[in-house]
Amino acid sequence: MVKKVWIYDNESPKSQETSRRLRKKLLASGTLRTEAHEASPGLIQTQLVQDGHFEFDEISPEIVISIGGDGTMLSAFHKYEEQADNIRFVGVHTGHLGFYTDFLANQLDELIEALRTENSKNAVRYPLLKVEVKFDDGNEKSYYALNESTVRRGDETLVAEVDISEFIFEKFRGDGLVVSTPTGSTAYNKSIGGAVMHPQVEAMQMAEIASINNRVFRTLGSPMIVAKKDTIRIRPEIGTKLWFTIDQKEYKLANLKEVIYSLDGRTISFANCAHTPFWSRVRNSFIGTD
């Protein structure tokens, strides 16, 4: 069975070179078989025919191979975000070890062999964060984040009401707030003191960026793990100019009314071929190996 694949790379010379090598190897990965056909009445001839295992399809691929690092994988996901339910991703890292990459640039033959035998039923699925943005003029937009979304004011203090499932929880004052997925918990969330969560934990996490806590203003002052059944709603002060991000995408907004975060069950799928266990990724990235 032929699998439709596409290679998504970044602009680094190593990624470009790895992409070229992988493309050639994928095209050459077919097998030769003998096929009989009738050349003329009463005469049967045989010839060698090459069966391909893969074909390239940028529009509707079954598998997207990301070559680079986690940033490249995030870009690949957002390119195919609307089709993500029908795509499996796999990563080749050409720089530092990432959480979304399983193969090295010198393991392309191993990757191809793994892709030949992988099955969509065994895909590894990670939860996505649904982000609903509402504006003062009544307009609304929806996004999905693989890692996290942030709301902040840049060089000024963010003042915002935080609701948990319609319950007014706190009035936040500080640099900003980060809401992350379990896999995104090892990214920006971890750098500001958030907890590392296993992807099988169906929850999202909210962490504070430099909150103000004194005798007058108080916040919880620690990361929060919020269950899948709940929502997180952030309501900035009216007229506040904000920096709003979805993964590595950044927007400057002046009329944002509120942002609502939830887990609606949508996931990203990774091809289950030599997929590195989550805690191995954590150890390799932050602790190292003996």
# chains A, B, ... in the order shown; residues from 1 in each chain; ligands from 1
call {"tool": "residues_around", "arguments": {"residues": "stretch 5-11 of chain A", "least_positions_apart": "6", "cutoff": "6 Å", "atoms": "only C-alpha atoms", "output": "number ranges by chain"}}
result
A: 56-58, 61-67
call {"tool": "select_by_dssp", "arguments": {"residues": "stretch 41-205 of chain A", "states": "strand (DSSP E)", "output": "ChimeraX atom specification"}}
result
/A:43-51,54-56,63-68,88-93,103-104,124-127,129-135,140-145,148-152,158-164,167-180,203-205
call {"tool": "residues_around", "arguments": {"residues": "A:Asp70", "least_positions_apart": "6", "cutoff": "12 Å", "atoms": "only C-alpha atoms", "output": "MDAnalysis selection string"}}
result
chainID A and resid 9:10 76:77 89:102 146:147 183:184 186:187 247:248
call {"tool": "write_last_selection", "arguments": {"atoms": "C-alpha atoms", "output": "mmCIF file, in the first residue's frame"}}
result
data_model
loop_
_atom_site.group_PDB
_atom_site.id
_atom_site.type_symbol
_atom_site.label_atom_id
_atom_site.label_comp_id
_atom_site.auth_asym_id
_atom_site.auth_seq_id
_atom_site.Cartn_x
_atom_site.Cartn_y
_atom_site.Cartn_z
ATOM 1 C CA ASP A 9 11.809 21.435 6.677
ATOM 2 C CA ASN A 10 13.353 24.691 7.864
ATOM 3 C CA ALA A 76 4.296 21.869 10.306
ATOM 4 C CA PHE A 77 1.346 21.312 12.633
ATOM 5 C CA PHE A 89 3.537 13.481 12.103
ATOM 6 C CA VAL A 90 7.085 12.247 12.593
ATOM 7 C CA GLY A 91 10.185 14.318 13.353
ATOM 8 C CA VAL A 92 13.842 14.208 12.299
ATOM 9 C CA HIS A 93 16.007 16.547 14.356
ATOM 10 C CA THR A 94 18.988 18.280 12.822
ATOM 11 C CA GLY A 95 19.932 20.359 15.838
ATOM 12 C CA HIS A 96 19.239 19.909 19.534
ATOM 13 C CA LEU A 97 17.135 17.013 20.790
ATOM 14 C CA GLY A 98 13.454 17.901 20.767
ATOM 15 C CA PHE A 99 10.310 16.524 22.316
ATOM 16 C CA TYR A 100 8.608 16.035 18.966
ATOM 17 C CA THR A 101 11.458 14.380 17.057
ATOM 18 C CA ASP A 102 12.443 10.710 17.137
ATOM 19 C CA LEU A 146 0.190 22.218 20.424
ATOM 20 C CA ASN A 147 2.377 23.759 23.145
ATOM 21 C CA THR A 183 3.382 18.205 26.039
ATOM 22 C CA GLY A 184 3.803 21.973 26.094
ATOM 23 C CA THR A 186 8.174 21.148 29.025
ATOM 24 C CA ALA A 187 8.477 24.343 26.951
ATOM 25 C CA ASP A 247 2.699 28.527 20.027
ATOM 26 C CA GLN A 248 5.287 30.562 18.093
#
call {"tool": "closest_atom_pairs", "arguments": {"of": "stretch 128-208 of chain A", "to": "stretch 224-244 of chain A", "cutoff": "8 Å", "atoms": "only C-alpha atoms", "output": "JSON lines"}}
result
{"residue": "A:Ser149", "atom": "CA", "partner": "A:Phe244", "partner_atom": "CA", "distance": 7.3}
{"residue": "A:Thr150", "atom": "CA", "partner": "A:Phe244", "partner_atom": "CA", "distance": 5.7}
{"residue": "A:Val151", "atom": "CA", "partner": "A:Phe244", "partner_atom": "CA", "distance": 4.8}
{"residue": "A:Arg152", "atom": "CA", "partner": "A:Trp243", "partner_atom": "CA", "distance": 5.3}
{"residue": "A:Arg153", "atom": "CA", "partner": "A:Leu242", "partner_atom": "CA", "distance": 4.8}
{"residue": "A:Gly154", "atom": "CA", "partner": "A:Trp243", "partner_atom": "CA", "distance": 6.7}
{"residue": "A:Leu158", "atom": "CA", "partner": "A:Pro236", "partner_atom": "CA", "distance": 7.3}
{"residue": "A:Val159", "atom": "CA", "partner": "A:Pro236", "partner_atom": "CA", "distance": 5.9}
{"residue": "A:Ala160", "atom": "CA", "partner": "A:Pro236", "partner_atom": "CA", "distance": 4.0}
{"residue": "A:Glu161", "atom": "CA", "partner": "A:Arg235", "partner_atom": "CA", "distance": 5.0}
{"residue": "A:Val162", "atom": "CA", "partner": "A:Ile234", "partner_atom": "CA", "distance": 4.8}
{"residue": "A:Asp163", "atom": "CA", "partner": "A:Arg233", "partner_atom": "CA", "distance": 5.0}
{"residue": "A:Ile164", "atom": "CA", "partner": "A:Ile232", "partner_atom": "CA", "distance": 4.9}
{"residue": "A:Ser165", "atom": "CA", "partner": "A:Thr231", "partner_atom": "CA", "distance": 4.9}
{"residue": "A:Glu166", "atom": "CA", "partner": "A:Arg233", "partner_atom": "CA", "distance": 7.7}
{"residue": "A:Glu202", "atom": "CA", "partner": "A:Lys228", "partner_atom": "CA", "distance": 5.7}
{"residue": "A:Ala203", "atom": "CA", "partner": "A:Ala227", "partner_atom": "CA", "distance": 4.6}
{"residue": "A:Met204", "atom": "CA", "partner": "A:Val226", "partner_atom": "CA", "distance": 5.4}
{"residue": "A:Gln205", "atom": "CA", "partner": "A:Ile225", "partner_atom": "CA", "distance": 4.6}
{"residue": "A:Met206", "atom": "CA", "partner": "A:Met224", "partner_atom": "CA", "distance": 5.2}
{"residue": "A:Ala207", "atom": "CA", "partner": "A:Met224", "partner_atom": "CA", "distance": 6.5}
call {"tool": "residues_around", "arguments": {"residues": "A:Asp264", "least_positions_apart": "2", "cutoff": "9 Å", "atoms": "only C-alpha atoms", "output": "ChimeraX atom specification"}}
result
/A:127-130,228-229,262,266-267
call {"tool": "atom_distance", "arguments": {"atom1": "atom CA of A:Leu27", "atom2": "atom CA of A:Phe54"}}
result
7.1 Å
call {"tool": "closest_residue", "arguments": {"among": "A:Ser142, A:Thr181, A:Asn272, A:Asn86", "to": "A:Ile260", "atoms": "only C-alpha atoms"}}
result
A:Ser142
call {"tool": "atom_distance", "arguments": {"atom1": "atom CA of A:Gly174", "atom2": "atom CA of A:Ser191"}}
result
16.4 Å
call {"tool": "residues_around", "arguments": {"residues": "A:Ile112", "least_positions_apart": "5", "cutoff": "12 Å", "atoms": "only C-alpha atoms", "output": "JSON, numbers by chain"}}
result
{"A": [3, 5, 21, 22, 23, 24, 25, 26, 27, 28, 29, 30, 53, 54, 63, 65, 90, 92, 103, 106, 107, 117, 118, 271, 273, 274]}
call {"tool": "residues_around", "arguments": {"residues": "A:Gln83", "least_positions_apart": "4", "cutoff": "9 Å", "atoms": "only C-alpha atoms", "output": "ChimeraX atom specification"}}
result
/A:60,79,87
call {"tool": "atom_distance", "arguments": {"atom1": "atom CA of A:His198", "atom2": "atom CA of A:Ser75"}}
result
22.5 Å
call {"tool": "closest_residue", "arguments": {"among": "A:Arg218, A:Arg281, A:Arg20, A:Arg88", "to": "A:Ser120", "atoms": "only C-alpha atoms"}}
result
A:Arg88
call {"tool": "closest_residue", "arguments": {"among": "A:Met1, A:Phe286, A:Tyr144, A:Phe172", "to": "A:Leu220", "atoms": "only C-alpha atoms"}}
result
A:Phe172
call {"tool": "residues_around", "arguments": {"residues": "A:Phe217", "least_positions_apart": "6", "cutoff": "10 Å", "atoms": "only C-alpha atoms", "output": "list in words"}}
result
Lys171, Phe172, Arg173 and Ser211 of chain A
call {"tool": "write_last_selection", "arguments": {"atoms": "N, CA and C atoms", "output": "PDB file, in the first residue's frame"}}
result
ATOM      1  N   LYS A 171      -8.039  38.061  40.503  1.00  0.00           N
ATOM      2  CA  LYS A 171      -7.686  39.182  39.640  1.00  0.00           C
ATOM      3  C   LYS A 171      -6.165  39.198  39.557  1.00  0.00           C
ATOM      4  N   PHE A 172      -5.678  38.889  38.381  1.00  0.00           N
ATOM      5  CA  PHE A 172      -4.242  38.749  38.187  1.00  0.00           C
ATOM      6  C   PHE A 172      -3.588  40.078  37.861  1.00  0.00           C
ATOM      7  N   ARG A 173      -2.430  40.298  38.461  1.00  0.00           N
ATOM      8  CA  ARG A 173      -1.568  41.424  38.107  1.00  0.00           C
ATOM      9  C   ARG A 173      -0.147  40.904  37.967  1.00  0.00           C
ATOM     10  N   SER A 211       4.067  37.402  38.637  1.00  0.00           N
ATOM     11  CA  SER A 211       2.881  37.992  39.258  1.00  0.00           C
ATOM     12  C   SER A 211       3.263  38.948  40.394  1.00  0.00           C
TER      13      SER A 211
END
